[in-house]
file upload20.cif (mmCIF, C-alpha atoms)
data_target
loop_
_atom_site.label_atom_id
_atom_site.label_comp_id
_atom_site.auth_asym_id
_atom_site.auth_seq_id
_atom_site.Cartn_x
_atom_site.Cartn_y
_atom_site.Cartn_z
CA MET S 1 17.05 -31.35 -17.00
CA ASN S 2 17.19 -29.32 -20.21
CA ILE S 3 16.63 -25.56 -20.47
CA SER S 4 12.97 -25.95 -21.44
CA GLN S 5 12.31 -28.20 -18.44
CA GLN S 6 14.12 -25.79 -16.14
CA ARG S 7 12.03 -22.90 -17.44
CA GLY S 8 8.84 -24.90 -16.94
CA SER S 9 9.84 -25.84 -13.43
CA SER S 10 10.69 -22.22 -12.61
CA GLU S 11 7.36 -21.00 -13.98
CA ARG S 12 5.45 -23.59 -11.95
CA SER S 13 7.42 -22.55 -8.89
CA GLN S 14 6.51 -18.90 -9.46
CA VAL S 15 2.85 -19.80 -9.92
CA ARG S 16 2.81 -21.86 -6.72
CA ARG S 17 4.55 -19.08 -4.79
CA ALA S 18 2.03 -16.54 -6.12
CA GLU S 19 -0.83 -18.85 -5.11
CA LEU S 20 0.53 -19.10 -1.58
CA ILE S 21 0.87 -15.32 -1.33
CA ALA S 22 -2.71 -14.88 -2.61
CA THR S 23 -3.93 -17.29 0.07
CA GLY S 24 -1.93 -15.47 2.72
CA ARG S 25 -3.31 -12.10 1.68
CA LYS S 26 -6.84 -13.39 2.21
CA LEU S 27 -5.93 -14.91 5.57
CA PHE S 28 -4.11 -11.83 6.87
CA ALA S 29 -6.65 -9.38 5.41
CA ASP S 30 -8.63 -9.35 8.64
CA THR S 31 -6.58 -11.63 10.93
CA SER S 32 -3.55 -10.53 12.90
CA TYR S 33 -0.12 -12.07 12.49
CA ASP S 34 -0.13 -13.69 15.93
CA ALA S 35 -3.58 -15.24 15.46
CA LEU S 36 -2.44 -17.50 12.61
CA SER S 37 -0.02 -20.40 13.03
CA MET S 38 1.86 -22.05 10.20
CA ASP S 39 -0.42 -25.06 10.66
CA ASP S 40 -3.45 -22.79 10.16
CA ILE S 41 -1.90 -21.29 7.04
CA ALA S 42 -0.99 -24.68 5.57
CA ARG S 43 -4.48 -26.00 6.23
CA HIS S 44 -6.15 -23.06 4.53
CA ALA S 45 -3.73 -23.27 1.60
CA GLY S 46 -4.25 -27.04 1.29
CA VAL S 47 -0.52 -27.73 1.27
CA ALA S 48 2.07 -29.29 3.55
CA LYS S 49 3.62 -26.85 5.99
CA GLY S 50 7.05 -27.71 4.62
CA LEU S 51 6.12 -26.21 1.25
CA ILE S 52 5.60 -22.79 2.86
CA TYR S 53 8.95 -23.09 4.60
CA TYR S 54 10.51 -24.08 1.27
CA TYR S 55 9.38 -20.90 -0.45
CA PHE S 56 9.52 -18.42 2.42
CA LYS S 57 11.89 -19.93 5.05
CA SER S 58 9.70 -18.86 8.00
CA LYS S 59 6.33 -17.46 8.98
CA ARG S 60 7.90 -14.00 9.13
CA GLY S 61 9.36 -14.45 5.63
CA TYR S 62 5.93 -15.43 4.37
CA TYR S 63 4.37 -12.44 6.10
CA LEU S 64 6.93 -10.02 4.62
CA ALA S 65 6.29 -11.40 1.14
CA ILE S 66 2.56 -10.76 1.62
CA VAL S 67 3.19 -7.21 2.88
CA GLU S 68 5.45 -6.48 -0.11
CA GLU S 69 2.77 -7.78 -2.48
CA SER S 70 0.17 -5.60 -0.76
CA VAL S 71 2.42 -2.57 -1.03
CA ALA S 72 3.01 -3.23 -4.72
CA GLU S 73 -0.75 -3.20 -5.30
CA LEU S 74 -1.24 -0.04 -3.27
CA VAL S 75 1.52 1.79 -5.15
CA ALA S 76 0.21 0.51 -8.51
CA ARG S 77 -3.22 1.92 -7.69
CA ALA S 78 -1.69 5.28 -6.83
CA GLY S 79 0.39 5.42 -10.00
CA SER S 80 -2.41 4.52 -12.41
CA ASP S 81 -4.52 6.84 -14.56
CA ARG S 82 -1.56 9.05 -15.46
CA ASP S 83 -3.36 10.57 -18.46
CA LEU S 84 -6.29 11.93 -16.46
CA PRO S 85 -6.59 15.62 -15.47
CA THR S 86 -4.93 16.45 -12.15
CA ALA S 87 -8.14 16.75 -10.14
CA GLU S 88 -9.59 13.47 -11.33
CA ARG S 89 -6.29 11.64 -10.97
CA VAL S 90 -5.87 12.80 -7.36
CA ARG S 91 -9.47 11.89 -6.58
CA ARG S 92 -8.97 8.39 -7.98
CA THR S 93 -5.63 7.98 -6.23
CA ILE S 94 -7.16 8.82 -2.84
CA ASP S 95 -10.25 6.71 -3.52
CA GLY S 96 -8.09 3.74 -4.52
CA TYR S 97 -6.03 4.18 -1.37
CA LEU S 98 -9.13 4.20 0.84
CA ARG S 99 -10.70 1.31 -1.05
CA TYR S 100 -7.55 -0.76 -0.55
CA ALA S 101 -7.47 0.07 3.18
CA GLN S 102 -11.16 -0.78 3.55
CA HIS S 103 -10.87 -4.19 1.90
CA HIS S 104 -7.45 -5.18 3.28
CA GLN S 105 -7.63 -3.78 6.78
CA ALA S 106 -5.10 -5.98 8.56
CA ALA S 107 -2.58 -5.61 5.74
CA TYR S 108 -3.11 -1.84 5.65
CA ARG S 109 -2.61 -1.53 9.40
CA THR S 110 0.59 -3.54 9.06
CA ILE S 111 1.91 -1.27 6.32
CA VAL S 112 1.29 2.02 8.11
CA THR S 113 2.06 0.99 11.68
CA GLY S 114 5.24 -0.98 10.99
CA GLY S 115 4.08 -4.54 11.43
CA VAL S 116 4.68 -6.97 14.27
CA GLY S 117 6.22 -5.07 17.16
CA PHE S 118 9.18 -3.09 15.86
CA ASP S 119 10.07 -4.78 12.58
CA ALA S 120 12.76 -2.86 10.69
CA GLU S 121 11.99 -4.61 7.40
CA VAL S 122 8.28 -3.86 7.56
CA GLN S 123 9.08 -0.27 8.54
CA ALA S 124 11.39 0.00 5.52
CA ILE S 125 8.54 -1.24 3.31
CA ARG S 126 6.21 1.32 4.92
CA ASP S 127 8.71 4.15 4.35
CA ALA S 128 9.12 3.11 0.71
CA VAL S 129 5.39 3.20 0.05
CA ARG S 130 5.09 6.60 1.73
CA GLU S 131 7.84 7.99 -0.47
CA GLU S 132 6.25 6.55 -3.60
CA LEU S 133 2.82 7.94 -2.78
CA ILE S 134 4.29 11.37 -2.00
CA ALA S 135 6.21 11.29 -5.29
CA THR S 136 3.01 10.32 -7.12
CA ILE S 137 1.12 13.26 -5.63
CA ALA S 138 4.02 15.61 -6.45
CA GLU S 139 4.12 14.36 -10.02
CA GLY S 140 0.38 14.92 -10.37
CA ALA S 141 0.54 18.40 -8.83
CA TYR S 142 3.79 19.72 -10.28
CA GLY S 143 4.67 17.41 -13.15
CA ARG S 144 7.83 16.24 -11.38
CA ARG S 145 8.78 13.92 -8.54
CA ASP S 146 11.85 15.87 -7.39
CA ILE S 147 10.52 18.76 -5.29
CA PRO S 148 12.02 21.22 -2.77
CA LEU S 149 12.39 20.09 0.83
CA THR S 150 9.65 22.43 2.09
CA ALA S 151 7.16 20.92 -0.36
CA ARG S 152 8.24 17.40 0.52
CA LEU S 153 7.87 18.01 4.27
CA ALA S 154 4.40 19.46 3.75
CA LEU S 155 3.33 16.43 1.71
CA ILE S 156 4.81 14.10 4.34
CA GLY S 157 2.67 15.92 6.91
CA TRP S 158 -0.40 15.44 4.70
CA MET S 159 0.45 11.77 4.17
CA THR S 160 0.81 11.21 7.91
CA GLY S 161 -2.60 12.80 8.36
CA VAL S 162 -4.02 10.52 5.67
CA GLU S 163 -2.75 7.49 7.55
CA GLY S 164 -4.12 8.66 10.89
CA ILE S 165 -7.52 9.53 9.43
CA THR S 166 -7.72 6.24 7.53
CA LEU S 167 -6.82 4.18 10.59
CA ASP S 168 -9.43 5.94 12.70
CA TRP S 169 -12.03 5.59 9.93
CA LEU S 170 -11.35 1.84 9.69
CA GLY S 171 -11.94 1.57 13.42
CA HIS S 172 -15.40 3.13 13.18
CA GLN S 173 -16.50 3.49 9.53
CA GLU S 174 -19.33 5.81 10.55
CA LEU S 175 -18.64 7.87 7.41
CA ASP S 176 -18.82 6.54 3.89
CA ARG S 177 -15.69 6.38 1.74
CA ALA S 178 -16.79 9.29 -0.46
CA THR S 179 -16.97 11.62 2.55
CA VAL S 180 -13.51 10.59 3.78
CA ARG S 181 -12.15 11.01 0.26
CA ALA S 182 -13.63 14.52 0.08
CA LEU S 183 -12.02 15.39 3.42
CA LEU S 184 -8.59 14.17 2.32
CA THR S 185 -8.74 15.97 -1.03
CA ARG S 186 -9.64 19.25 0.67
CA LEU S 187 -6.79 18.82 3.13
CA LEU S 188 -4.49 18.22 0.15
CA ARG S 189 -5.77 21.38 -1.53
CA ALA S 190 -4.96 23.37 1.61
CA THR S 191 -1.52 21.73 1.78
CA LEU S 192 -0.72 22.58 -1.85
CA ARG S 193 -1.75 26.20 -1.31
CA THR S 194 0.46 26.40 1.78
CA ILE S 195 3.35 24.98 -0.24
CA GLU S 196 2.81 27.67 -2.87
CA GLU S 197 3.01 30.39 -0.23
CA LEU S 198 6.30 29.07 1.14
CA GLU S 199 7.79 27.77 -2.09
CA PRO S 200 6.78 29.89 -5.14
CA SER S 201 8.52 27.40 -7.46
CA CYS S 202 5.69 24.97 -6.61
CA PRO S 203 2.45 26.73 -7.54
CA ALA S 204 -0.77 24.95 -6.61
CA PRO S 205 -2.38 23.48 -9.73
CA SER S 206 -5.37 25.48 -10.95
CA ALA S 207 -7.30 22.20 -11.27
CA THR S 208 -6.58 21.07 -7.72
CA PRO S 209 -9.59 19.02 -6.55
#

call {"tool": "encode", "arguments": {"input": "upload20.cif", "output": "structure tokens"}}
result
Amino acid sequence: MNISQQRGSSERSQVRRAELIATGRKLFADTSYDALSMDDIARHAGVAKGLIYYYFKSKRGYYLAIVEESVAELVARAGSDRDLPTAERVRRTIDGYLRYAQHHQAAYRTIVTGGVGFDAEVQAIRDAVREELIATIAEGAYGRRDIPLTARLALIGWMTGVEGITLDWLGHQELDRATVRALLTRLLRATLRTIEELEPSCPAPSATP
């Protein structure tokens, strides 16, 4: 096989893998890990079960790949719109976060609760997305990602609250997304003002939403 053929084969492989992940994201969006067998997944994907094993080694490997893809999308949403004013950027970041959670409920629950039982790899993915989202908020508020420990702890507390509120909202959805977004932005405003009181080097932005 020449280099051109190898490249073509690799590209086809990447496309097929991406297609399988897209199928899995739809399946796991509202269905728990335990409720789907590999036979179910293969049937929905329209492929032989062996092909999924070929690309992902196991059901857990497949699941982790889907979680990582979901996290990448969530982080990308949070990091977008960098040229917008602080208030609008924060509003859009929180709205994108809630929109993602609303439309990918099973995947979101997996990300923030740590996955199937105690899964160290899923927990590592969850911790990574938390850190990225906190860094994104810090960058929007202070123009830098590296912030003092007091500020970081306060934002971790806010982020934990965001997760708890979002999970409870998904369980009931008696409030519309705009109301939940308004609640979270006001809690962030209070958090940023508290940070300013304790850490003068991190003044709350004047355009805080």

call {"tool": "residues_around", "arguments": {"input": "upload20.cif", "residues": "range 187-198 of chain S", "least_positions_apart": "4", "cutoff": "10 Å", "atoms": "only C-alpha atoms", "output": "list in words"}}
result
Val90, Ile137, Ala138, Ala141, Tyr142, Pro148, Thr150, Ala151, Arg152, Leu153, Ala154, Leu155, Gly157, Trp158, Met159, Gly161, Val162, Arg181, Ala182, Leu183, Cys202, Pro203, Ala204, Pro205, Ala207, Thr208 and Pro209 of chain S

call {"tool": "closest_residue", "arguments": {"input": "upload20.cif", "among": "S:Phe28, S:Glu139, S:Leu170, S:Glu163", "to": "Arg89 in chain S", "atoms": "only C-alpha atoms"}}
result
S:Glu139

call {"tool": "atom_distance", "arguments": {"input": "upload20.cif", "atom1": "CA of Ile21 in chain S", "atom2": "CA of Ile66 in chain S"}}
result
5.7 Å

call {"tool": "resolve_selection", "arguments": {"input": "upload20.cif", "expression": "the PyMOL selection byres ((chain S and resi 46-59) around 10)", "output": "short mmCIF file (atom, residue, chain, number, x, y, z; two decimals) with C-alpha atoms, in the frame of the given file"}}
result
data_model
loop_
_atom_site.label_atom_id
_atom_site.label_comp_id
_atom_site.auth_asym_id
_atom_site.auth_seq_id
_atom_site.Cartn_x
_atom_site.Cartn_y
_atom_site.Cartn_z
CA SER S 13 7.42 -22.55 -8.89
CA GLN S 14 6.51 -18.90 -9.46
CA ARG S 16 2.81 -21.86 -6.72
CA ARG S 17 4.55 -19.08 -4.79
CA LEU S 20 0.53 -19.10 -1.58
CA ILE S 21 0.87 -15.32 -1.33
CA THR S 23 -3.93 -17.29 0.07
CA TYR S 33 -0.12 -12.07 12.49
CA LEU S 36 -2.44 -17.50 12.61
CA SER S 37 -0.02 -20.40 13.03
CA MET S 38 1.86 -22.05 10.20
CA ASP S 39 -0.42 -25.06 10.66
CA ASP S 40 -3.45 -22.79 10.16
CA ILE S 41 -1.90 -21.29 7.04
CA ALA S 42 -0.99 -24.68 5.57
CA ARG S 43 -4.48 -26.00 6.23
CA HIS S 44 -6.15 -23.06 4.53
CA ALA S 45 -3.73 -23.27 1.60
CA ARG S 60 7.90 -14.00 9.13
CA GLY S 61 9.36 -14.45 5.63
CA TYR S 62 5.93 -15.43 4.37
CA TYR S 63 4.37 -12.44 6.10
CA LEU S 64 6.93 -10.02 4.62
CA ALA S 65 6.29 -11.40 1.14
#

call {"tool": "atom_distance", "arguments": {"input": "upload20.cif", "atom1": "CA of Glu11 in chain S", "atom2": "CA of Ser70 in chain S"}}
result
21.5 Å
